[in-house]
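Peer 1: Sending over a structure as C-alpha coordinates; questions will come in a sec.
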Amino acid sequence: MESIIADIVKIIKSENNVIAREKTLMCYFFDLIRELMTAALEEVDAGLVEETKKQGYQIEKKNKRSVVTAFGEISYWRRRYVCPGKKAKYPLDKLMGYDKYKRYSVLAVKDVLQVSAVATYRNTALAVNTLSCFKISHSQVGKLIVQAGKQIKAQQQSEERYDGITQKKKVPVLYLEGDGVVIKGTKKRLEFHRYQVCEDIINLSKTRRKRVQAKEFVSLSRLDALQEIKAYLANAYDLSDTLIISNADGGAGYAKKDFDEIVGYCRQHEHFLDVFHLNKKIKDRLGFMPAMQSKLISAVEFKYDRHLTDVILDTIESNLVDELNTPENHENLRRLRSYLHRRWVDIKPFKMRHLSVIKAIGCCESNHRKYTYRVKGQGKYWSEDGAEGILRVLTCIKNNELEYWLSSEFAGGQLDIGDQEDLKGAVRASLRKTHGVHLGIHHGAIESLTAGHSYLDDFSRKINQINI
(Lines give C-alpha, C1' and ligand atoms only; values in the text may rest on other atoms or scores of the structure.)
Protein backbone atom coordinates (compact mmCIF):
# COMPACT_ATOMS: atom_id res chain seq x y z
CA MET A 1 0.00 0.00 0.00
CA GLU A 2 2.83 2.42 0.88
CA SER A 3 4.58 1.78 -2.43
CA ILE A 4 1.35 2.50 -4.32
CA ILE A 5 0.87 5.79 -2.47
CA ALA A 6 4.51 6.67 -3.13
CA ASP A 7 4.00 6.08 -6.86
CA ILE A 8 0.88 8.26 -6.88
CA VAL A 9 2.68 11.08 -5.05
CA LYS A 10 5.58 10.84 -7.49
CA ILE A 11 3.24 11.16 -10.47
CA ILE A 12 1.46 14.17 -8.92
CA LYS A 13 4.73 15.96 -8.30
CA SER A 14 6.30 15.11 -11.66
CA GLU A 15 3.51 16.50 -13.84
CA ASN A 16 2.76 20.21 -14.07
CA ASN A 17 0.01 20.02 -16.69
CA VAL A 18 -3.31 19.20 -14.98
CA ILE A 19 -4.65 17.15 -17.90
CA ALA A 20 -1.41 15.21 -18.36
CA ARG A 21 -1.27 14.55 -14.62
CA GLU A 22 -4.79 13.12 -14.52
CA LYS A 23 -4.16 11.02 -17.63
CA THR A 24 -1.01 9.57 -16.07
CA LEU A 25 -2.84 8.78 -12.84
CA MET A 26 -5.68 7.15 -14.74
CA CYS A 27 -3.25 4.94 -16.68
CA TYR A 28 -1.48 4.01 -13.44
CA PHE A 29 -4.73 3.03 -11.72
CA PHE A 30 -5.92 0.97 -14.69
CA ASP A 31 -2.55 -0.79 -14.93
CA LEU A 32 -2.76 -1.58 -11.22
CA ILE A 33 -6.30 -2.94 -11.58
CA ARG A 34 -5.27 -5.11 -14.52
CA GLU A 35 -2.27 -6.45 -12.62
CA LEU A 36 -4.44 -7.32 -9.63
CA MET A 37 -7.07 -8.90 -11.87
CA THR A 38 -4.50 -11.03 -13.68
CA ALA A 39 -3.07 -12.31 -10.38
CA ALA A 40 -6.56 -12.97 -9.02
CA LEU A 41 -7.66 -14.90 -12.11
CA GLU A 42 -4.62 -17.14 -12.02
CA GLU A 43 -5.20 -17.76 -8.31
CA VAL A 44 -8.84 -18.68 -8.97
CA ASP A 45 -7.72 -20.98 -11.78
CA ALA A 46 -5.40 -22.76 -9.37
CA GLY A 47 -8.27 -23.17 -6.95
CA LEU A 48 -10.37 -24.95 -9.60
CA VAL A 49 -7.83 -27.74 -10.14
CA GLU A 50 -9.01 -30.12 -7.45
CA GLU A 51 -12.71 -29.73 -8.24
CA THR A 52 -12.15 -30.23 -11.98
CA LYS A 53 -10.00 -33.32 -11.45
CA LYS A 54 -12.79 -34.87 -9.37
CA GLN A 55 -14.94 -34.70 -12.50
CA GLY A 56 -12.48 -36.96 -14.33
CA TYR A 57 -10.52 -34.26 -16.15
CA GLN A 58 -6.75 -33.97 -16.32
CA ILE A 59 -4.62 -30.91 -16.97
CA GLU A 60 -3.27 -30.89 -20.51
CA LYS A 61 -1.44 -27.55 -20.61
CA LYS A 62 -1.61 -23.85 -19.85
CA ASN A 63 -2.63 -21.31 -22.48
CA LYS A 64 -2.52 -17.53 -22.41
CA ARG A 65 -5.57 -15.47 -23.24
CA SER A 66 -6.36 -11.76 -23.58
CA VAL A 67 -9.83 -10.36 -22.86
CA VAL A 68 -11.07 -6.78 -23.14
CA THR A 69 -13.03 -5.99 -19.97
CA ALA A 70 -14.79 -2.87 -18.74
CA PHE A 71 -11.54 -1.85 -16.98
CA GLY A 72 -9.22 -2.59 -19.89
CA GLU A 73 -7.49 -5.51 -21.57
CA ILE A 74 -6.14 -8.25 -19.31
CA SER A 75 -3.88 -11.18 -20.19
CA TYR A 76 -3.69 -14.29 -18.02
CA TRP A 77 -2.66 -17.93 -18.07
CA ARG A 78 -5.26 -20.63 -17.45
CA ARG A 79 -5.33 -24.43 -17.51
CA ARG A 80 -6.85 -26.51 -20.25
CA TYR A 81 -8.43 -29.80 -19.15
CA VAL A 82 -9.13 -32.94 -21.16
CA CYS A 83 -11.14 -36.05 -20.45
CA PRO A 84 -11.63 -39.12 -22.68
CA GLY A 85 -15.00 -38.96 -24.41
CA LYS A 86 -15.63 -35.34 -23.41
CA LYS A 87 -14.80 -31.93 -24.86
CA ALA A 88 -11.75 -30.13 -23.55
CA LYS A 89 -12.56 -27.11 -21.41
CA TYR A 90 -11.21 -24.09 -19.59
CA PRO A 91 -13.07 -23.90 -16.24
CA LEU A 92 -11.85 -20.37 -15.53
CA ASP A 93 -13.23 -19.02 -18.83
CA LYS A 94 -16.55 -20.71 -18.12
CA LEU A 95 -16.68 -19.26 -14.63
CA MET A 96 -15.92 -15.73 -15.78
CA GLY A 97 -18.24 -15.86 -18.80
CA TYR A 98 -15.40 -15.29 -21.27
CA ASP A 99 -16.94 -17.00 -24.25
CA LYS A 100 -14.86 -18.98 -26.70
CA TYR A 101 -13.46 -17.01 -29.64
CA LYS A 102 -14.86 -13.73 -28.25
CA ARG A 103 -12.52 -10.90 -27.35
CA TYR A 104 -14.83 -8.77 -25.18
CA SER A 105 -16.29 -9.52 -21.76
CA VAL A 106 -20.05 -9.48 -21.24
CA LEU A 107 -20.02 -6.19 -19.31
CA ALA A 108 -17.85 -4.50 -21.94
CA VAL A 109 -20.28 -5.64 -24.64
CA LYS A 110 -23.26 -4.42 -22.60
CA ASP A 111 -21.71 -0.97 -22.17
CA VAL A 112 -20.99 -0.70 -25.91
CA LEU A 113 -24.52 -1.83 -26.81
CA GLN A 114 -26.14 0.70 -24.49
CA VAL A 115 -24.24 3.54 -26.14
CA SER A 116 -24.98 2.20 -29.64
CA ALA A 117 -28.72 2.32 -28.85
CA VAL A 118 -28.62 6.12 -29.06
CA ALA A 119 -25.60 6.79 -31.26
CA THR A 120 -24.19 5.73 -34.63
CA TYR A 121 -21.38 3.20 -34.80
CA ARG A 122 -18.74 5.93 -35.22
CA ASN A 123 -20.11 8.03 -32.36
CA THR A 124 -20.31 4.93 -30.19
CA ALA A 125 -16.65 4.17 -30.87
CA LEU A 126 -15.76 7.80 -30.11
CA ALA A 127 -17.64 7.72 -26.80
CA VAL A 128 -16.16 4.38 -25.73
CA ASN A 129 -12.61 5.35 -26.71
CA THR A 130 -12.92 8.68 -24.88
CA LEU A 131 -14.60 7.58 -21.66
CA SER A 132 -13.40 4.00 -21.15
CA CYS A 133 -9.99 2.39 -20.80
CA PHE A 134 -10.10 0.31 -23.98
CA LYS A 135 -10.24 1.13 -27.67
CA ILE A 136 -12.75 -0.07 -30.25
CA SER A 137 -13.38 0.73 -33.91
CA HIS A 138 -16.75 1.55 -35.46
CA SER A 139 -16.64 -1.65 -37.52
CA GLN A 140 -16.07 -3.69 -34.36
CA VAL A 141 -19.09 -1.97 -32.79
CA GLY A 142 -21.16 -3.21 -35.73
CA LYS A 143 -19.84 -6.74 -35.32
CA LEU A 144 -20.68 -6.75 -31.60
CA ILE A 145 -24.25 -5.62 -32.36
CA VAL A 146 -24.70 -8.39 -34.95
CA GLN A 147 -23.25 -11.04 -32.60
CA ALA A 148 -25.34 -9.85 -29.65
CA GLY A 149 -28.46 -9.74 -31.82
CA LYS A 150 -28.00 -13.33 -32.93
CA GLN A 151 -27.33 -14.51 -29.37
CA ILE A 152 -30.36 -12.67 -27.97
CA LYS A 153 -32.63 -13.89 -30.77
CA ALA A 154 -31.55 -17.51 -30.29
CA GLN A 155 -32.22 -17.32 -26.55
CA GLN A 156 -35.55 -15.52 -26.92
CA GLN A 157 -36.75 -18.16 -29.38
CA SER A 158 -35.49 -21.17 -27.44
CA GLU A 159 -38.06 -23.63 -26.13
CA GLU A 160 -36.58 -23.52 -22.61
CA ARG A 161 -36.98 -19.78 -22.02
CA TYR A 162 -40.22 -20.17 -20.05
CA ASP A 163 -39.26 -23.29 -18.10
CA GLY A 164 -38.88 -21.27 -14.91
CA ILE A 165 -42.51 -20.08 -14.90
CA THR A 166 -44.48 -22.17 -12.42
CA GLN A 167 -47.65 -20.09 -12.18
CA LYS A 168 -49.36 -18.06 -14.90
CA LYS A 169 -50.55 -14.53 -14.21
CA LYS A 170 -54.25 -13.68 -14.21
CA VAL A 171 -55.13 -10.13 -15.22
CA PRO A 172 -58.56 -8.62 -15.95
CA VAL A 173 -57.49 -6.87 -19.15
CA LEU A 174 -54.61 -6.89 -21.62
CA TYR A 175 -54.03 -4.17 -24.21
CA LEU A 176 -52.32 -5.44 -27.35
CA GLU A 177 -51.07 -3.34 -30.28
CA GLY A 178 -48.95 -3.99 -33.35
CA ASP A 179 -47.58 -2.18 -36.38
CA GLY A 180 -44.85 -2.35 -39.01
CA VAL A 181 -42.21 0.26 -39.91
CA VAL A 182 -40.28 0.49 -43.20
CA ILE A 183 -36.55 1.27 -43.10
CA LYS A 184 -33.82 1.51 -45.74
CA GLY A 185 -31.76 -1.59 -46.48
CA THR A 186 -28.44 -1.95 -48.26
CA LYS A 187 -29.95 -4.34 -50.82
CA LYS A 188 -33.71 -3.86 -50.53
CA ARG A 189 -36.35 -2.15 -48.46
CA LEU A 190 -36.68 -3.65 -45.00
CA GLU A 191 -39.64 -3.65 -42.62
CA PHE A 192 -39.57 -4.41 -38.92
CA HIS A 193 -42.64 -5.55 -37.00
CA ARG A 194 -43.39 -4.44 -33.47
CA TYR A 195 -45.95 -5.62 -30.90
CA GLN A 196 -46.52 -4.18 -27.43
CA VAL A 197 -48.48 -5.59 -24.50
CA CYS A 198 -49.89 -3.48 -21.68
CA GLU A 199 -51.31 -5.15 -18.59
CA ASP A 200 -53.27 -2.41 -16.84
CA ILE A 201 -53.65 1.27 -16.06
CA ILE A 202 -52.71 3.11 -12.88
CA ASN A 203 -54.79 6.15 -11.98
CA LEU A 204 -52.28 8.72 -10.78
CA SER A 205 -54.93 11.45 -10.67
CA LYS A 206 -58.26 12.33 -12.25
CA THR A 207 -56.55 13.64 -15.36
CA ARG A 208 -53.36 11.59 -15.45
CA ARG A 209 -53.00 7.86 -15.97
CA LYS A 210 -50.00 5.62 -16.46
CA ARG A 211 -49.78 2.48 -18.58
CA VAL A 212 -48.08 -0.52 -17.01
CA GLN A 213 -45.96 -1.80 -19.88
CA ALA A 214 -45.47 -5.53 -19.84
CA LYS A 215 -43.47 -6.42 -22.94
CA GLU A 216 -42.39 -5.45 -26.45
CA PHE A 217 -41.53 -7.77 -29.32
CA VAL A 218 -39.67 -6.52 -32.39
CA SER A 219 -38.17 -8.38 -35.34
CA LEU A 220 -37.53 -7.99 -39.06
CA SER A 221 -39.59 -11.13 -39.54
CA ARG A 222 -43.28 -10.78 -38.71
CA LEU A 223 -43.46 -14.55 -38.25
CA ASP A 224 -40.71 -14.41 -35.60
CA ALA A 225 -42.43 -11.56 -33.77
CA LEU A 226 -45.76 -13.42 -33.90
CA GLN A 227 -44.27 -16.63 -32.55
CA GLU A 228 -42.49 -14.83 -29.70
CA ILE A 229 -45.55 -12.89 -28.54
CA LYS A 230 -47.77 -15.98 -28.86
CA ALA A 231 -45.34 -17.99 -26.74
CA TYR A 232 -45.16 -15.19 -24.18
CA LEU A 233 -48.93 -14.88 -23.79
CA ALA A 234 -49.42 -18.67 -23.72
CA ASN A 235 -46.73 -19.26 -21.07
CA ALA A 236 -46.98 -16.14 -18.92
CA TYR A 237 -50.75 -15.59 -18.71
CA ASP A 238 -53.95 -17.44 -17.98
CA LEU A 239 -56.34 -15.64 -20.35
CA SER A 240 -59.46 -17.65 -19.59
CA ASP A 241 -60.96 -14.73 -17.65
CA THR A 242 -59.18 -11.86 -19.44
CA LEU A 243 -60.54 -9.15 -21.74
CA ILE A 244 -58.18 -8.57 -24.67
CA ILE A 245 -58.32 -5.14 -26.31
CA SER A 246 -56.28 -4.99 -29.51
CA ASN A 247 -55.54 -2.08 -31.82
CA ALA A 248 -53.84 -1.90 -35.23
CA ASP A 249 -53.94 -0.13 -38.59
CA GLY A 250 -55.66 -3.04 -40.36
CA GLY A 251 -52.82 -3.64 -42.82
CA ALA A 252 -51.56 -7.03 -43.97
CA GLY A 253 -50.86 -9.10 -40.88
CA TYR A 254 -52.55 -6.66 -38.51
CA ALA A 255 -56.25 -7.49 -38.93
CA LYS A 256 -58.54 -8.90 -36.23
CA LYS A 257 -58.02 -12.48 -37.41
CA ASP A 258 -54.26 -12.06 -36.94
CA PHE A 259 -54.73 -10.88 -33.35
CA ASP A 260 -57.18 -13.74 -32.75
CA GLU A 261 -54.37 -16.10 -33.70
CA ILE A 262 -51.97 -14.36 -31.30
CA VAL A 263 -54.36 -14.35 -28.36
CA GLY A 264 -55.90 -17.79 -28.67
CA TYR A 265 -58.55 -18.59 -26.07
CA CYS A 266 -59.71 -15.71 -23.86
CA ARG A 267 -62.91 -14.46 -22.22
CA GLN A 268 -63.49 -11.65 -24.75
CA HIS A 269 -61.56 -10.02 -27.56
CA GLU A 270 -62.36 -6.50 -28.75
CA HIS A 271 -60.43 -5.28 -31.78
CA PHE A 272 -60.16 -1.61 -32.86
CA LEU A 273 -59.05 -0.01 -36.09
CA ASP A 274 -56.50 2.62 -35.12
CA VAL A 275 -58.08 6.09 -35.27
CA PHE A 276 -54.92 7.78 -36.53
CA HIS A 277 -54.69 5.50 -39.54
CA LEU A 278 -58.45 5.73 -40.17
CA ASN A 279 -58.29 9.55 -40.31
CA LYS A 280 -55.24 9.41 -42.53
CA LYS A 281 -56.95 6.99 -44.92
CA ILE A 282 -60.03 9.23 -45.21
CA LYS A 283 -57.95 12.36 -45.81
CA ASP A 284 -55.71 10.65 -48.37
CA ARG A 285 -58.62 9.20 -50.37
CA LEU A 286 -60.65 12.45 -50.26
CA GLY A 287 -57.76 14.74 -51.07
CA PHE A 288 -59.71 15.96 -54.10
CA MET A 289 -62.63 17.20 -51.87
CA PRO A 290 -61.29 18.57 -48.52
CA ALA A 291 -64.63 20.05 -47.48
CA MET A 292 -66.17 16.57 -47.10
CA GLN A 293 -63.34 15.06 -45.03
CA SER A 294 -64.49 16.35 -41.62
CA LYS A 295 -68.12 15.41 -42.33
CA LEU A 296 -67.19 11.83 -43.18
CA ILE A 297 -64.89 11.55 -40.15
CA SER A 298 -67.70 12.78 -37.90
CA ALA A 299 -70.19 10.28 -39.35
CA VAL A 300 -67.74 7.37 -39.04
CA GLU A 301 -65.90 8.01 -35.76
CA PHE A 302 -68.21 10.07 -33.58
CA LYS A 303 -71.72 9.17 -34.72
CA TYR A 304 -70.86 5.70 -36.03
CA ASP A 305 -73.82 5.91 -38.40
CA ARG A 306 -73.46 3.62 -41.38
CA HIS A 307 -76.48 5.05 -43.18
CA LEU A 308 -75.15 8.60 -42.80
CA THR A 309 -71.74 7.42 -43.96
CA ASP A 310 -73.23 5.93 -47.13
CA VAL A 311 -75.22 9.12 -47.77
CA ILE A 312 -72.05 11.24 -47.52
CA LEU A 313 -70.17 8.88 -49.83
CA ASP A 314 -73.05 9.01 -52.34
CA THR A 315 -73.05 12.81 -52.12
CA ILE A 316 -69.33 12.89 -52.83
CA GLU A 317 -69.81 10.61 -55.83
CA SER A 318 -72.59 12.83 -57.23
CA ASN A 319 -70.24 15.81 -57.05
CA LEU A 320 -67.61 14.16 -59.24
CA VAL A 321 -68.34 16.41 -62.21
CA ASP A 322 -66.32 18.60 -64.52
CA GLU A 323 -62.65 18.64 -63.45
CA LEU A 324 -63.33 16.21 -60.54
CA ASN A 325 -64.76 13.58 -62.88
CA THR A 326 -61.55 11.60 -63.31
CA PRO A 327 -60.90 7.83 -63.17
CA GLU A 328 -58.45 8.40 -60.33
CA ASN A 329 -61.04 10.16 -58.12
CA HIS A 330 -63.65 7.49 -58.81
CA GLU A 331 -61.13 4.80 -57.90
CA ASN A 332 -60.15 6.56 -54.65
CA LEU A 333 -63.80 6.86 -53.66
CA ARG A 334 -64.52 3.23 -54.50
CA ARG A 335 -61.56 2.03 -52.44
CA LEU A 336 -62.52 4.25 -49.50
CA ARG A 337 -66.08 2.89 -49.51
CA SER A 338 -64.76 -0.68 -49.60
CA TYR A 339 -62.27 0.08 -46.81
CA LEU A 340 -64.97 1.44 -44.49
CA HIS A 341 -67.40 -1.40 -45.19
CA ARG A 342 -64.82 -4.13 -44.57
CA ARG A 343 -63.70 -2.65 -41.27
CA TRP A 344 -66.98 -1.26 -40.01
CA VAL A 345 -67.13 -3.57 -37.00
CA ASP A 346 -63.59 -2.64 -35.94
CA ILE A 347 -64.34 1.10 -36.35
CA LYS A 348 -66.99 1.09 -33.62
CA PRO A 349 -65.90 3.67 -30.99
CA PHE A 350 -64.68 2.61 -27.57
CA LYS A 351 -67.46 4.39 -25.67
CA MET A 352 -70.15 2.60 -27.70
CA ARG A 353 -68.87 -0.87 -26.77
CA HIS A 354 -69.74 -0.38 -23.08
CA LEU A 355 -66.53 -1.90 -21.78
CA SER A 356 -65.87 -1.60 -18.06
CA VAL A 357 -62.22 -0.61 -18.60
CA ILE A 358 -60.25 2.51 -19.42
CA LYS A 359 -59.35 3.29 -23.02
CA ALA A 360 -55.59 2.81 -23.28
CA ILE A 361 -54.90 2.15 -26.96
CA GLY A 362 -53.48 4.23 -29.76
CA CYS A 363 -49.93 4.83 -28.47
CA CYS A 364 -48.20 2.24 -30.66
CA GLU A 365 -47.33 4.77 -33.36
CA SER A 366 -45.73 7.23 -30.91
CA ASN A 367 -43.81 4.42 -29.17
CA HIS A 368 -42.08 3.64 -32.47
CA ARG A 369 -39.84 6.65 -31.81
CA LYS A 370 -37.47 4.65 -29.62
CA TYR A 371 -36.67 2.64 -32.73
CA THR A 372 -37.19 5.07 -35.62
CA TYR A 373 -34.92 7.73 -34.10
CA ARG A 374 -32.12 5.15 -34.17
CA VAL A 375 -32.68 3.30 -37.45
CA LYS A 376 -34.19 5.94 -39.75
CA GLY A 377 -32.93 9.19 -41.22
CA GLN A 378 -29.43 10.65 -41.54
CA GLY A 379 -28.74 8.50 -44.61
CA LYS A 380 -28.82 5.24 -42.64
CA TYR A 381 -28.91 1.98 -44.59
CA TRP A 382 -29.00 -1.38 -42.84
CA SER A 383 -28.01 -4.92 -43.65
CA GLU A 384 -30.49 -7.52 -42.44
CA ASP A 385 -28.13 -8.76 -39.71
CA GLY A 386 -27.29 -5.25 -38.57
CA ALA A 387 -30.95 -4.17 -38.46
CA GLU A 388 -32.01 -7.32 -36.59
CA GLY A 389 -29.15 -6.85 -34.12
CA ILE A 390 -29.86 -3.21 -33.26
CA LEU A 391 -33.62 -3.89 -33.04
CA ARG A 392 -33.06 -6.74 -30.59
CA VAL A 393 -30.76 -4.55 -28.50
CA LEU A 394 -33.28 -1.68 -28.47
CA THR A 395 -36.08 -4.06 -27.49
CA CYS A 396 -34.03 -5.51 -24.62
CA ILE A 397 -33.26 -2.00 -23.35
CA LYS A 398 -36.94 -1.03 -23.61
CA ASN A 399 -37.94 -4.19 -21.71
CA ASN A 400 -35.07 -3.67 -19.23
CA GLU A 401 -33.70 -7.12 -20.12
CA LEU A 402 -30.40 -6.43 -21.86
CA GLU A 403 -28.26 -7.56 -18.93
CA TYR A 404 -30.42 -10.67 -18.43
CA TRP A 405 -30.18 -11.91 -22.02
CA LEU A 406 -26.46 -11.18 -22.31
CA SER A 407 -25.55 -12.96 -19.08
CA SER A 408 -28.18 -15.72 -18.97
CA GLU A 409 -25.82 -18.04 -20.81
CA PHE A 410 -23.44 -17.89 -17.86
CA ALA A 411 -25.95 -17.99 -14.97
CA GLY A 412 -24.10 -20.95 -13.43
CA GLY A 413 -20.77 -19.15 -13.33
CA GLN A 414 -20.99 -17.57 -9.90
CA LEU A 415 -18.60 -17.37 -6.95
CA ASP A 416 -19.61 -17.08 -3.32
CA ILE A 417 -17.62 -14.01 -2.29
CA GLY A 418 -19.31 -13.48 1.07
CA ASP A 419 -20.70 -10.18 2.25
CA GLN A 420 -19.51 -6.73 1.16
CA GLU A 421 -17.42 -6.13 4.29
CA ASP A 422 -15.45 -9.34 3.73
CA LEU A 423 -14.88 -8.29 0.12
CA LYS A 424 -13.65 -4.84 1.13
CA GLY A 425 -11.30 -6.43 3.65
CA ALA A 426 -9.85 -8.70 0.99
CA VAL A 427 -9.25 -5.69 -1.27
CA ARG A 428 -7.48 -3.76 1.48
CA ALA A 429 -5.32 -6.79 2.31
CA SER A 430 -4.29 -7.22 -1.30
CA LEU A 431 -3.32 -3.56 -1.60
CA ARG A 432 -1.01 -3.93 1.40
CA LYS A 433 1.04 -6.46 -0.57
CA THR A 434 4.01 -5.31 -2.57
CA HIS A 435 3.43 -5.71 -6.29
CA GLY A 436 6.94 -6.16 -7.59
CA VAL A 437 8.01 -6.80 -11.13
CA HIS A 438 8.49 -10.49 -11.83
CA LEU A 439 9.39 -12.48 -14.87
CA GLY A 440 6.69 -15.13 -14.42
CA ILE A 441 6.82 -18.63 -15.87
CA HIS A 442 8.88 -19.37 -18.93
CA HIS A 443 7.23 -21.58 -21.50
CA GLY A 444 9.07 -23.47 -24.20
CA ALA A 445 7.74 -24.66 -27.53
CA ILE A 446 9.12 -26.61 -30.48
CA GLU A 447 7.55 -26.09 -33.90
CA SER A 448 7.81 -28.57 -36.71
CA LEU A 449 7.54 -27.02 -40.15
CA THR A 450 7.94 -30.34 -41.95
CA ALA A 451 5.08 -32.75 -42.57
CA GLY A 452 5.29 -36.23 -41.08
CA HIS A 453 7.30 -35.43 -37.92
CA SER A 454 4.65 -36.32 -35.39
CA TYR A 455 7.27 -37.27 -32.74
CA LEU A 456 8.34 -33.59 -32.65
CA ASP A 457 4.74 -32.54 -32.07
CA ASP A 458 4.44 -35.02 -29.17
CA PHE A 459 7.70 -33.76 -27.69
CA SER A 460 6.47 -30.15 -28.02
CA ARG A 461 3.28 -30.95 -26.10
CA LYS A 462 5.33 -32.56 -23.32
CA ILE A 463 7.53 -29.44 -23.09
CA ASN A 464 4.42 -27.23 -22.76
CA GLN A 465 3.13 -29.37 -19.90
CA ILE A 466 6.26 -29.04 -17.77
CA ASN A 467 5.44 -25.61 -16.27
CA ILE A 468 1.91 -26.35 -15.01
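Identifiers for the C-alpha coordinates are assigned positionally: chains receive A, B, ... in sequence, residues are indexed from 1 per chain, and ligands are indexed from 1 in the order shown.
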Give me the residues within 12 Å of range 107-111 of chain A as number ranges by chain, counting only C-alpha atoms and dropping any in the same chain fewer than 3 places off.
Peer 2: A: 67-73, 96-99, 102-104, 114-117, 124-125, 127-129, 131-136, 140-149, 393-394, 396-397, 401-407
Peer 1: Go through A:Cys266, A:Leu273, A:Leu336, A:Met289 one by one, measure the shortest atom-to-atom distance of each to Val321 in chain A using only C-alpha atoms, and give the residue with the smallest value.
Peer 2: A:Met289
Peer 1: Please, which residues of range 23-200 of chain A, numbered as in this document, come out helix (DSSP H, G or I) from DSSP, as a PyMOL selection string?
Peer 2: chain A and resi 23-47+49-54+91-96+106-116+121-131+138-156
Peer 1: Please provide as a ChimeraX atom specification all residues within 7 Å of range 222-233 of chain A, with the sequence filter that same-chain residues fewer than 3 positions apart are discarded (counting only C-alpha atoms).
Peer 2: /A:157,193,217-219,236-237,262-263
